[in-house]
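This is model04.cif (mmCIF, C-alpha atoms; chains and numbers go by the auth columns).
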data_run
#
loop_
_atom_site.group_PDB
_atom_site.id
_atom_site.type_symbol
_atom_site.label_atom_id
_atom_site.label_comp_id
_atom_site.label_asym_id
_atom_site.label_seq_id
_atom_site.Cartn_x
_atom_site.Cartn_y
_atom_site.Cartn_z
_atom_site.B_iso_or_equiv
_atom_site.auth_seq_id
_atom_site.auth_asym_id
ATOM 1 C CA MET A 1 -24.720 3.891 9.506 0.00 1 A
ATOM 2 C CA THR A 2 -24.266 3.971 13.265 0.00 2 A
ATOM 3 C CA ARG A 3 -20.632 3.357 13.995 0.00 3 A
ATOM 4 C CA LYS A 4 -20.473 0.930 16.912 0.00 4 A
ATOM 5 C CA VAL A 5 -17.178 0.829 18.779 0.00 5 A
ATOM 6 C CA MET A 6 -15.965 -1.217 21.718 0.00 6 A
ATOM 7 C CA ILE A 7 -13.170 0.127 23.915 0.00 7 A
ATOM 8 C CA VAL A 8 -10.712 -2.299 25.486 0.00 8 A
ATOM 9 C CA GLU A 9 -8.397 -0.442 27.862 0.00 9 A
ATOM 10 C CA ASP A 10 -7.220 -1.446 31.338 0.00 10 A
ATOM 11 C CA GLU A 11 -6.546 2.132 32.490 0.00 11 A
ATOM 12 C CA SER A 12 -9.981 3.394 33.502 0.00 12 A
ATOM 13 C CA LEU A 13 -9.221 7.123 33.033 0.00 13 A
ATOM 14 C CA ILE A 14 -8.048 6.530 29.469 0.00 14 A
ATOM 15 C CA ALA A 15 -11.124 4.386 28.780 0.00 15 A
ATOM 16 C CA ILE A 16 -13.448 7.099 30.116 0.00 16 A
ATOM 17 C CA ASP A 17 -11.680 9.806 28.078 0.00 17 A
ATOM 18 C CA LEU A 18 -11.966 7.683 24.954 0.00 18 A
ATOM 19 C CA LYS A 19 -15.637 6.950 25.573 0.00 19 A
ATOM 20 C CA PHE A 20 -16.535 10.643 25.937 0.00 20 A
ATOM 21 C CA MET A 21 -14.373 11.607 22.960 0.00 21 A
ATOM 22 C CA LEU A 22 -16.053 9.026 20.727 0.00 22 A
ATOM 23 C CA GLU A 23 -19.594 9.746 21.881 0.00 23 A
ATOM 24 C CA ASP A 24 -19.047 13.512 21.483 0.00 24 A
ATOM 25 C CA ASN A 25 -18.115 12.812 17.864 0.00 25 A
ATOM 26 C CA GLY A 26 -21.067 10.628 16.934 0.00 26 A
ATOM 27 C CA TYR A 27 -19.731 7.142 17.641 0.00 27 A
ATOM 28 C CA GLU A 28 -21.738 4.667 19.694 0.00 28 A
ATOM 29 C CA VAL A 29 -19.656 2.986 22.388 0.00 29 A
ATOM 30 C CA VAL A 30 -21.457 -0.339 22.795 0.00 30 A
ATOM 31 C CA ALA A 31 -19.151 -1.887 25.395 0.00 31 A
ATOM 32 C CA GLN A 32 -16.002 -1.423 27.446 0.00 32 A
ATOM 33 C CA ALA A 33 -13.587 -4.068 28.684 0.00 33 A
ATOM 34 C CA ASN A 34 -10.441 -3.864 30.791 0.00 34 A
ATOM 35 C CA ASN A 35 -8.776 -7.120 29.709 0.00 35 A
ATOM 36 C CA GLY A 36 -8.570 -9.433 26.714 0.00 36 A
ATOM 37 C CA GLU A 37 -10.858 -12.123 28.117 0.00 37 A
ATOM 38 C CA SER A 38 -13.676 -9.645 28.704 0.00 38 A
ATOM 39 C CA ALA A 39 -13.031 -8.176 25.267 0.00 39 A
ATOM 40 C CA ILE A 40 -13.713 -11.539 23.630 0.00 40 A
ATOM 41 C CA GLU A 41 -16.912 -12.107 25.624 0.00 41 A
ATOM 42 C CA LEU A 42 -18.224 -8.601 24.940 0.00 42 A
ATOM 43 C CA ALA A 43 -17.317 -8.814 21.249 0.00 43 A
ATOM 44 C CA PHE A 44 -19.537 -11.902 20.966 0.00 44 A
ATOM 45 C CA THR A 45 -22.350 -10.167 22.826 0.00 45 A
ATOM 46 C CA TYR A 46 -22.289 -6.718 21.197 0.00 46 A
ATOM 47 C CA LYS A 47 -20.643 -7.380 17.798 0.00 47 A
ATOM 48 C CA PRO A 48 -19.194 -3.885 17.375 0.00 48 A
ATOM 49 C CA HIS A 49 -18.076 -2.643 13.970 0.00 49 A
ATOM 50 C CA LEU A 50 -14.623 -1.793 15.360 0.00 50 A
ATOM 51 C CA ILE A 51 -12.645 -2.439 18.537 0.00 51 A
ATOM 52 C CA LEU A 52 -10.238 0.128 19.978 0.00 52 A
ATOM 53 C CA MET A 53 -7.883 -2.115 21.957 0.00 53 A
ATOM 54 C CA ASP A 54 -4.874 -1.615 24.173 0.00 54 A
ATOM 55 C CA ILE A 55 -2.089 -4.126 23.661 0.00 55 A
ATOM 56 C CA LYS A 56 -0.712 -4.499 27.198 0.00 56 A
ATOM 57 C CA MET A 57 -3.493 -5.739 29.486 0.00 57 A
ATOM 58 C CA PRO A 58 -3.934 -8.227 32.329 0.00 58 A
ATOM 59 C CA LYS A 59 -5.195 -11.813 31.861 0.00 59 A
ATOM 60 C CA LEU A 60 -4.970 -11.829 28.056 0.00 60 A
ATOM 61 C CA ASP A 61 -3.130 -9.153 26.090 0.00 61 A
ATOM 62 C CA GLY A 62 -4.655 -7.288 23.161 0.00 62 A
ATOM 63 C CA LEU A 63 -2.640 -9.154 20.549 0.00 63 A
ATOM 64 C CA LYS A 64 -3.892 -12.588 21.619 0.00 64 A
ATOM 65 C CA ALA A 65 -7.431 -11.319 22.152 0.00 65 A
ATOM 66 C CA SER A 66 -7.489 -9.700 18.694 0.00 66 A
ATOM 67 C CA LYS A 67 -6.351 -12.974 17.074 0.00 67 A
ATOM 68 C CA ILE A 68 -9.206 -14.858 18.751 0.00 68 A
ATOM 69 C CA ILE A 69 -11.700 -12.137 17.807 0.00 69 A
ATOM 70 C CA GLU A 70 -10.448 -12.245 14.208 0.00 70 A
ATOM 71 C CA GLN A 71 -10.785 -16.019 13.984 0.00 71 A
ATOM 72 C CA GLN A 72 -14.209 -16.159 15.643 0.00 72 A
ATOM 73 C CA LEU A 73 -15.898 -12.930 14.533 0.00 73 A
ATOM 74 C CA GLY A 74 -13.728 -11.102 12.004 0.00 74 A
ATOM 75 C CA ILE A 75 -14.172 -7.779 13.825 0.00 75 A
ATOM 76 C CA PRO A 76 -11.450 -5.266 12.942 0.00 76 A
ATOM 77 C CA VAL A 77 -9.192 -3.762 15.597 0.00 77 A
ATOM 78 C CA LEU A 78 -7.472 -0.410 15.937 0.00 78 A
ATOM 79 C CA PHE A 79 -4.740 -0.721 18.568 0.00 79 A
ATOM 80 C CA ILE A 80 -4.021 1.843 21.255 0.00 80 A
ATOM 81 C CA SER A 81 -0.404 1.521 22.209 0.00 81 A
ATOM 82 C CA ALA A 82 2.591 2.938 23.974 0.00 82 A
ATOM 83 C CA TYR A 83 4.852 0.596 21.978 0.00 83 A
ATOM 84 C CA SER A 84 7.286 2.028 19.490 0.00 84 A
ATOM 85 C CA GLU A 85 6.494 1.805 15.796 0.00 85 A
ATOM 86 C CA LYS A 86 9.079 -0.944 15.174 0.00 86 A
ATOM 87 C CA GLU A 87 7.623 -3.212 17.859 0.00 87 A
ATOM 88 C CA LEU A 88 4.068 -2.608 16.652 0.00 88 A
ATOM 89 C CA LEU A 89 4.803 -3.286 13.010 0.00 89 A
ATOM 90 C CA LEU A 90 5.656 -6.882 13.886 0.00 90 A
ATOM 91 C CA TYR A 91 2.034 -7.392 14.961 0.00 91 A
ATOM 92 C CA MET A 92 0.301 -5.518 12.172 0.00 92 A
ATOM 93 C CA LYS A 93 0.193 -8.505 9.825 0.00 93 A
ATOM 94 C CA GLN A 94 -3.126 -9.827 11.146 0.00 94 A
ATOM 95 C CA ASP A 95 -5.943 -9.254 8.662 0.00 95 A
ATOM 96 C CA ASN A 96 -8.225 -7.572 11.180 0.00 96 A
ATOM 97 C CA ILE A 97 -5.689 -4.974 12.394 0.00 97 A
ATOM 98 C CA LEU A 98 -6.459 -1.622 10.784 0.00 98 A
ATOM 99 C CA GLY A 99 -3.711 0.376 12.456 0.00 99 A
ATOM 100 C CA TYR A 100 -2.785 1.921 15.761 0.00 100 A
ATOM 101 C CA VAL A 101 -2.875 5.138 17.745 0.00 101 A
ATOM 102 C CA MET A 102 0.104 5.964 19.950 0.00 102 A
ATOM 103 C CA LYS A 103 -0.356 6.970 23.572 0.00 103 A
ATOM 104 C CA PRO A 104 -0.673 9.662 24.767 0.00 104 A
ATOM 105 C CA PHE A 105 -3.404 10.481 22.259 0.00 105 A
ATOM 106 C CA SER A 106 -5.798 13.299 21.502 0.00 106 A
ATOM 107 C CA GLU A 107 -8.780 13.919 19.254 0.00 107 A
ATOM 108 C CA LYS A 108 -6.294 15.056 16.588 0.00 108 A
ATOM 109 C CA ASN A 109 -4.876 11.566 16.157 0.00 109 A
ATOM 110 C CA VAL A 110 -7.724 9.294 17.349 0.00 110 A
ATOM 111 C CA LEU A 111 -10.535 10.695 15.193 0.00 111 A
ATOM 112 C CA PRO A 112 -8.640 10.622 11.870 0.00 112 A
ATOM 113 C CA ALA A 113 -7.481 7.061 12.631 0.00 113 A
ATOM 114 C CA LEU A 114 -11.095 6.064 13.315 0.00 114 A
ATOM 115 C CA GLU A 115 -12.304 7.708 10.108 0.00 115 A
ATOM 116 C CA VAL A 116 -9.690 5.851 8.062 0.00 116 A
ATOM 117 C CA ALA A 117 -10.539 2.588 9.851 0.00 117 A
ATOM 118 C CA PHE A 118 -14.265 2.978 9.169 0.00 118 A
ATOM 119 C CA HIS A 119 -13.566 3.873 5.551 0.00 119 A
ATOM 120 C CA GLN A 120 -11.602 0.617 5.223 0.00 120 A
ATOM 121 C CA ILE A 121 -14.406 -1.345 6.911 0.00 121 A
ATOM 122 C CA GLU A 122 -17.017 0.129 4.552 0.00 122 A
ATOM 123 C CA LYS A 123 -14.784 -0.548 1.547 0.00 123 A
ATOM 124 C CA PHE A 124 -14.246 -4.157 2.662 0.00 124 A
ATOM 125 C CA ASN A 125 -17.984 -4.677 3.225 0.00 125 A
ATOM 126 C CA ARG A 126 -18.790 -3.239 -0.200 0.00 126 A
ATOM 127 C CA LEU A 127 -16.175 -5.425 -1.925 0.00 127 A
ATOM 128 C CA ASN A 128 -17.326 -8.472 0.022 0.00 128 A
ATOM 129 C CA GLY A 129 -20.918 -7.799 -1.089 0.00 129 A
ATOM 130 C CA GLU A 130 -19.792 -7.501 -4.699 0.00 130 A
ATOM 131 C CA LEU A 131 -17.845 -10.752 -4.400 0.00 131 A
ATOM 132 C CA LEU A 132 -20.869 -12.581 -2.986 0.00 132 A
ATOM 133 C CA HIS A 133 -23.004 -11.228 -5.838 0.00 133 A
ATOM 134 C CA ILE A 134 -20.462 -12.443 -8.417 0.00 134 A
ATOM 135 C CA GLN A 135 -20.280 -15.875 -6.775 0.00 135 A
ATOM 136 C CA THR A 136 -24.075 -16.133 -6.842 0.00 136 A
ATOM 137 C CA GLU A 137 -24.159 -15.175 -10.525 0.00 137 A
ATOM 138 C CA ILE A 138 -21.490 -17.787 -11.326 0.00 138 A
ATOM 139 C CA GLU A 139 -23.518 -20.462 -9.538 0.00 139 A
ATOM 140 C CA LYS A 140 -26.632 -19.462 -11.503 0.00 140 A
ATOM 141 C CA ARG A 141 -24.647 -19.571 -14.745 0.00 141 A
ATOM 142 C CA LYS A 142 -23.405 -23.108 -13.897 0.00 142 A
ATOM 143 C CA ILE A 143 -26.988 -24.295 -13.359 0.00 143 A
ATOM 144 C CA ILE A 144 -28.121 -22.788 -16.672 0.00 144 A
ATOM 145 C CA GLU A 145 -25.148 -24.358 -18.471 0.00 145 A
ATOM 146 C CA ARG A 146 -25.938 -27.760 -16.935 0.00 146 A
ATOM 147 C CA ALA A 147 -29.582 -27.485 -18.025 0.00 147 A
ATOM 148 C CA LYS A 148 -28.515 -26.464 -21.542 0.00 148 A
ATOM 149 C CA GLY A 149 -26.292 -29.521 -21.768 0.00 149 A
ATOM 150 C CA LEU A 150 -29.065 -31.851 -20.630 0.00 150 A
ATOM 151 C CA LEU A 151 -31.558 -30.255 -23.061 0.00 151 A
ATOM 152 C CA MET A 152 -29.071 -30.531 -25.928 0.00 152 A
ATOM 153 C CA GLU A 153 -28.618 -34.210 -25.208 0.00 153 A
ATOM 154 C CA ALA A 154 -32.255 -35.074 -24.468 0.00 154 A
ATOM 155 C CA GLU A 155 -33.880 -33.126 -27.313 0.00 155 A
ATOM 156 C CA ASN A 156 -31.012 -33.060 -29.810 0.00 156 A
ATOM 157 C CA LEU A 157 -30.807 -29.248 -29.715 0.00 157 A
ATOM 158 C CA SER A 158 -27.941 -26.920 -30.490 0.00 158 A
ATOM 159 C CA GLU A 159 -26.493 -24.896 -27.628 0.00 159 A
ATOM 160 C CA ASP A 160 -28.234 -21.777 -28.921 0.00 160 A
ATOM 161 C CA GLU A 161 -31.585 -23.588 -29.230 0.00 161 A
ATOM 162 C CA ALA A 162 -31.309 -24.980 -25.691 0.00 162 A
ATOM 163 C CA TYR A 163 -30.527 -21.513 -24.331 0.00 163 A
ATOM 164 C CA LYS A 164 -33.446 -19.955 -26.214 0.00 164 A
ATOM 165 C CA LYS A 165 -35.791 -22.640 -24.895 0.00 165 A
ATOM 166 C CA ILE A 166 -34.840 -21.818 -21.294 0.00 166 A
ATOM 167 C CA ARG A 167 -34.975 -18.065 -21.941 0.00 167 A
ATOM 168 C CA ASN A 168 -38.370 -18.225 -23.684 0.00 168 A
ATOM 169 C CA GLU A 169 -39.919 -20.271 -20.910 0.00 169 A
ATOM 170 C CA SER A 170 -38.454 -17.835 -18.392 0.00 170 A
ATOM 171 C CA MET A 171 -40.106 -14.911 -20.169 0.00 171 A
ATOM 172 C CA GLN A 172 -43.443 -16.721 -20.576 0.00 172 A
ATOM 173 C CA THR A 173 -43.649 -17.766 -16.935 0.00 173 A
ATOM 174 C CA GLN A 174 -41.925 -14.632 -15.610 0.00 174 A
ATOM 175 C CA GLN A 175 -39.513 -16.717 -13.577 0.00 175 A
ATOM 176 C CA GLU A 176 -35.752 -16.402 -13.362 0.00 176 A
ATOM 177 C CA MET A 177 -33.869 -18.463 -15.932 0.00 177 A
ATOM 178 C CA VAL A 178 -32.095 -20.297 -13.128 0.00 178 A
ATOM 179 C CA ARG A 179 -35.455 -21.562 -11.770 0.00 179 A
ATOM 180 C CA ILE A 180 -36.417 -22.904 -15.227 0.00 180 A
ATOM 181 C CA ALA A 181 -32.956 -24.447 -15.561 0.00 181 A
ATOM 182 C CA GLU A 182 -33.280 -26.159 -12.164 0.00 182 A
ATOM 183 C CA ARG A 183 -36.628 -27.614 -13.202 0.00 183 A
ATOM 184 C CA TYR A 184 -35.130 -28.988 -16.433 0.00 184 A
ATOM 185 C CA ILE A 185 -32.202 -30.472 -14.517 0.00 185 A
ATOM 186 C CA ASN A 186 -34.543 -32.219 -12.073 0.00 186 A
ATOM 187 C CA THR A 187 -36.840 -33.476 -14.825 0.00 187 A
ATOM 188 C CA LEU A 188 -34.154 -34.569 -17.288 0.00 188 A
ATOM 189 C CA GLN A 189 -31.924 -36.245 -14.675 0.00 189 A
ATOM 190 C CA VAL A 190 -34.897 -38.291 -13.404 0.00 190 A
ATOM 191 C CA ASN A 191 -35.792 -39.367 -16.930 0.00 191 A
ATOM 192 C CA SER A 192 -32.254 -40.348 -17.945 0.00 192 A
#

Would it be possible to restate this file's structure as structure tokens?
Amino acid sequence: MTRKVMIVEDESLIAIDLKFMLEDNGYEVVAQANNGESAIELAFTYKPHLILMDIKMPKLDGLKASKIIEQQLGIPVLFISAYSEKELLLYMKQDNILGYVMKPFSEKNVLPALEVAFHQIEKFNRLNGELLHIQTEIEKRKIIERAKGLLMEAENLSEDEAYKKIRNESMQTQQEMVRIAERYINTLQVNS
């Protein structure tokens, strides 16, 4: 997976250093912004996997920009900050904030923070995919259960007989059980 990062830093020398550091280590820097407003616009345009964002910036600070980006796009943020730990911890309760790197920084603290952040992103994406799969399976199960109920009522079948009827037709036609169930629901609801 190409790891796409956007840098949001108002100090141009720091932004350039970060860009070279990331690119030298295999990250793709898709955009750079020097204030929160630009960060929001570029996030919509480039949809990076992660945003490295300074907190103190002109026009719109990193905290406000990250809240908007979270609400609109759900893109995670790793803050770059000169704030003390106590001050930063107050802001770390947003869901999309994966941590922070203190200024002045070096490869020794930026790269491990990025690796941890990307591990968390990949873990979240995997869990989200599993959740979507489970939700889809539950919806299919509901449709099959509804069809079973209608078949039981319409043809005076037991639950087991109704299930077997759907399953057998699924095997004979080589269609998913949920497709057979949907057809029964449509047919039996029209006829009732």

### Task
For region 150-156 of chain A, list every protein, DNA or RNA residue within 8 Å, evaluated using all atoms listed in the file, and leave out those in the same chain fewer than 3 positions away; present the list as a VMD selection string.
chain A and resid 146 to 147 159 162 184 to 185 188 to 189

### Message
Given the PyMOL selection byres ((chain A and resi 30) around 12) and the file above, list the residues it selects as a list in words.
### Response
Thr2, Arg3, Lys4, Val5, Met6, Ile7, Val8, Lys19, Leu22, Glu23, Tyr27, Glu28, Val29, Ala31, Gln32, Ala33, Ala39, Leu42, Ala43, Phe44, Thr45, Tyr46, Lys47, Pro48, His49, Leu50, Ile51 and Leu52 of chain A

I'd like to see the residues matched by the PyMOL selection byres ((chain A and resi 62-70) around 12) on this file, and ideally I'd get them as a tab-separated table (two decimals) with C-alpha atoms, in the coordinates of the input.
chain	number	residue	atom	x	y	z
A	7	ILE	CA	-13.17	0.13	23.92
A	8	VAL	CA	-10.71	-2.30	25.49
A	9	GLU	CA	-8.40	-0.44	27.86
A	10	ASP	CA	-7.22	-1.45	31.34
A	33	ALA	CA	-13.59	-4.07	28.68
A	34	ASN	CA	-10.44	-3.86	30.79
A	35	ASN	CA	-8.78	-7.12	29.71
A	36	GLY	CA	-8.57	-9.43	26.71
A	37	GLU	CA	-10.86	-12.12	28.12
A	38	SER	CA	-13.68	-9.64	28.70
A	39	ALA	CA	-13.03	-8.18	25.27
A	40	ILE	CA	-13.71	-11.54	23.63
A	41	GLU	CA	-16.91	-12.11	25.62
A	42	LEU	CA	-18.22	-8.60	24.94
A	43	ALA	CA	-17.32	-8.81	21.25
A	44	PHE	CA	-19.54	-11.90	20.97
A	45	THR	CA	-22.35	-10.17	22.83
A	47	LYS	CA	-20.64	-7.38	17.80
A	48	PRO	CA	-19.19	-3.88	17.38
A	50	LEU	CA	-14.62	-1.79	15.36
A	51	ILE	CA	-12.64	-2.44	18.54
A	52	LEU	CA	-10.24	0.13	19.98
A	53	MET	CA	-7.88	-2.12	21.96
A	54	ASP	CA	-4.87	-1.62	24.17
A	55	ILE	CA	-2.09	-4.13	23.66
A	56	LYS	CA	-0.71	-4.50	27.20
A	57	MET	CA	-3.49	-5.74	29.49
A	58	PRO	CA	-3.93	-8.23	32.33
A	59	LYS	CA	-5.20	-11.81	31.86
A	60	LEU	CA	-4.97	-11.83	28.06
A	61	ASP	CA	-3.13	-9.15	26.09
A	71	GLN	CA	-10.78	-16.02	13.98
A	72	GLN	CA	-14.21	-16.16	15.64
A	73	LEU	CA	-15.90	-12.93	14.53
A	74	GLY	CA	-13.73	-11.10	12.00
A	75	ILE	CA	-14.17	-7.78	13.82
A	76	PRO	CA	-11.45	-5.27	12.94
A	77	VAL	CA	-9.19	-3.76	15.60
A	78	LEU	CA	-7.47	-0.41	15.94
A	79	PHE	CA	-4.74	-0.72	18.57
A	80	ILE	CA	-4.02	1.84	21.26
A	81	SER	CA	-0.40	1.52	22.21
A	88	LEU	CA	4.07	-2.61	16.65
A	90	LEU	CA	5.66	-6.88	13.89
A	91	TYR	CA	2.03	-7.39	14.96
A	92	MET	CA	0.30	-5.52	12.17
A	93	LYS	CA	0.19	-8.51	9.82
A	94	GLN	CA	-3.13	-9.83	11.15
A	95	ASP	CA	-5.94	-9.25	8.66
A	96	ASN	CA	-8.22	-7.57	11.18
A	97	ILE	CA	-5.69	-4.97	12.39
A	98	LEU	CA	-6.46	-1.62	10.78
A	100	TYR	CA	-2.78	1.92	15.76

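For region 142-144 of chain A, the non-local neighbours within 7 Å, defined as residues at least 2 positions apart in the same chain or in other chains and counting all atoms listed in the file, are A:Ile138, A:Glu139, A:Lys140, A:Arg146, A:Ala147, A:Lys148, A:Val178, A:Ala181, A:Glu182.
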
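Atom pair CA of Phe105 (chain A) / CA of Lys123 (chain A) has a distance of 26.1 Å (rounded to one decimal).
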
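Taking CA of Val110 (chain A) as the reference point, CA of Ala82 (chain A) is found at 13.8 Å.
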
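Our summary of the geometry notes that CA of Glu145 (chain A) is positioned 25.6 Å from CA of Asn128 (chain A).
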
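For the residues A:Lys103, A:Tyr163, A:Gly26, A:Ile180, ranking by smallest atom-to-atom distance to Glu11 (chain A) using only C-alpha atoms places A:Lys103 first.
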
### Task
Name the residues in contact with Met177 (chain A) at a cut-off of 7 Å, using all atoms listed in the file, excluding same-chain residues fewer than 6 positions from it; report them as an MDAnalysis selection string.
chainID A and resid 166:167 170

Show me, as a PDB file with C-alpha atoms, in the frame of the given file, the residues that have an atom within 12 Å of Pro112 (chain A) when counting only C-alpha atoms, minus same-chain residues fewer than 3 positions from it.
ATOM      1  CA  LEU A  22     -16.053   9.026  20.727  1.00  0.00           C
ATOM      2  CA  ASN A  25     -18.115  12.812  17.864  1.00  0.00           C
ATOM      3  CA  LEU A  78      -7.472  -0.410  15.937  1.00  0.00           C
ATOM      4  CA  GLY A  99      -3.711   0.376  12.456  1.00  0.00           C
ATOM      5  CA  TYR A 100      -2.785   1.921  15.761  1.00  0.00           C
ATOM      6  CA  VAL A 101      -2.875   5.138  17.745  1.00  0.00           C
ATOM      7  CA  PHE A 105      -3.404  10.481  22.259  1.00  0.00           C
ATOM      8  CA  SER A 106      -5.798  13.299  21.502  1.00  0.00           C
ATOM      9  CA  GLU A 107      -8.780  13.919  19.254  1.00  0.00           C
ATOM     10  CA  LYS A 108      -6.294  15.056  16.588  1.00  0.00           C
ATOM     11  CA  ASN A 109      -4.876  11.566  16.157  1.00  0.00           C
ATOM     12  CA  GLU A 115     -12.304   7.708  10.108  1.00  0.00           C
ATOM     13  CA  VAL A 116      -9.690   5.851   8.062  1.00  0.00           C
ATOM     14  CA  ALA A 117     -10.539   2.588   9.851  1.00  0.00           C
ATOM     15  CA  PHE A 118     -14.265   2.978   9.169  1.00  0.00           C
ATOM     16  CA  HIS A 119     -13.566   3.873   5.551  1.00  0.00           C
TER      17      HIS A 119
END
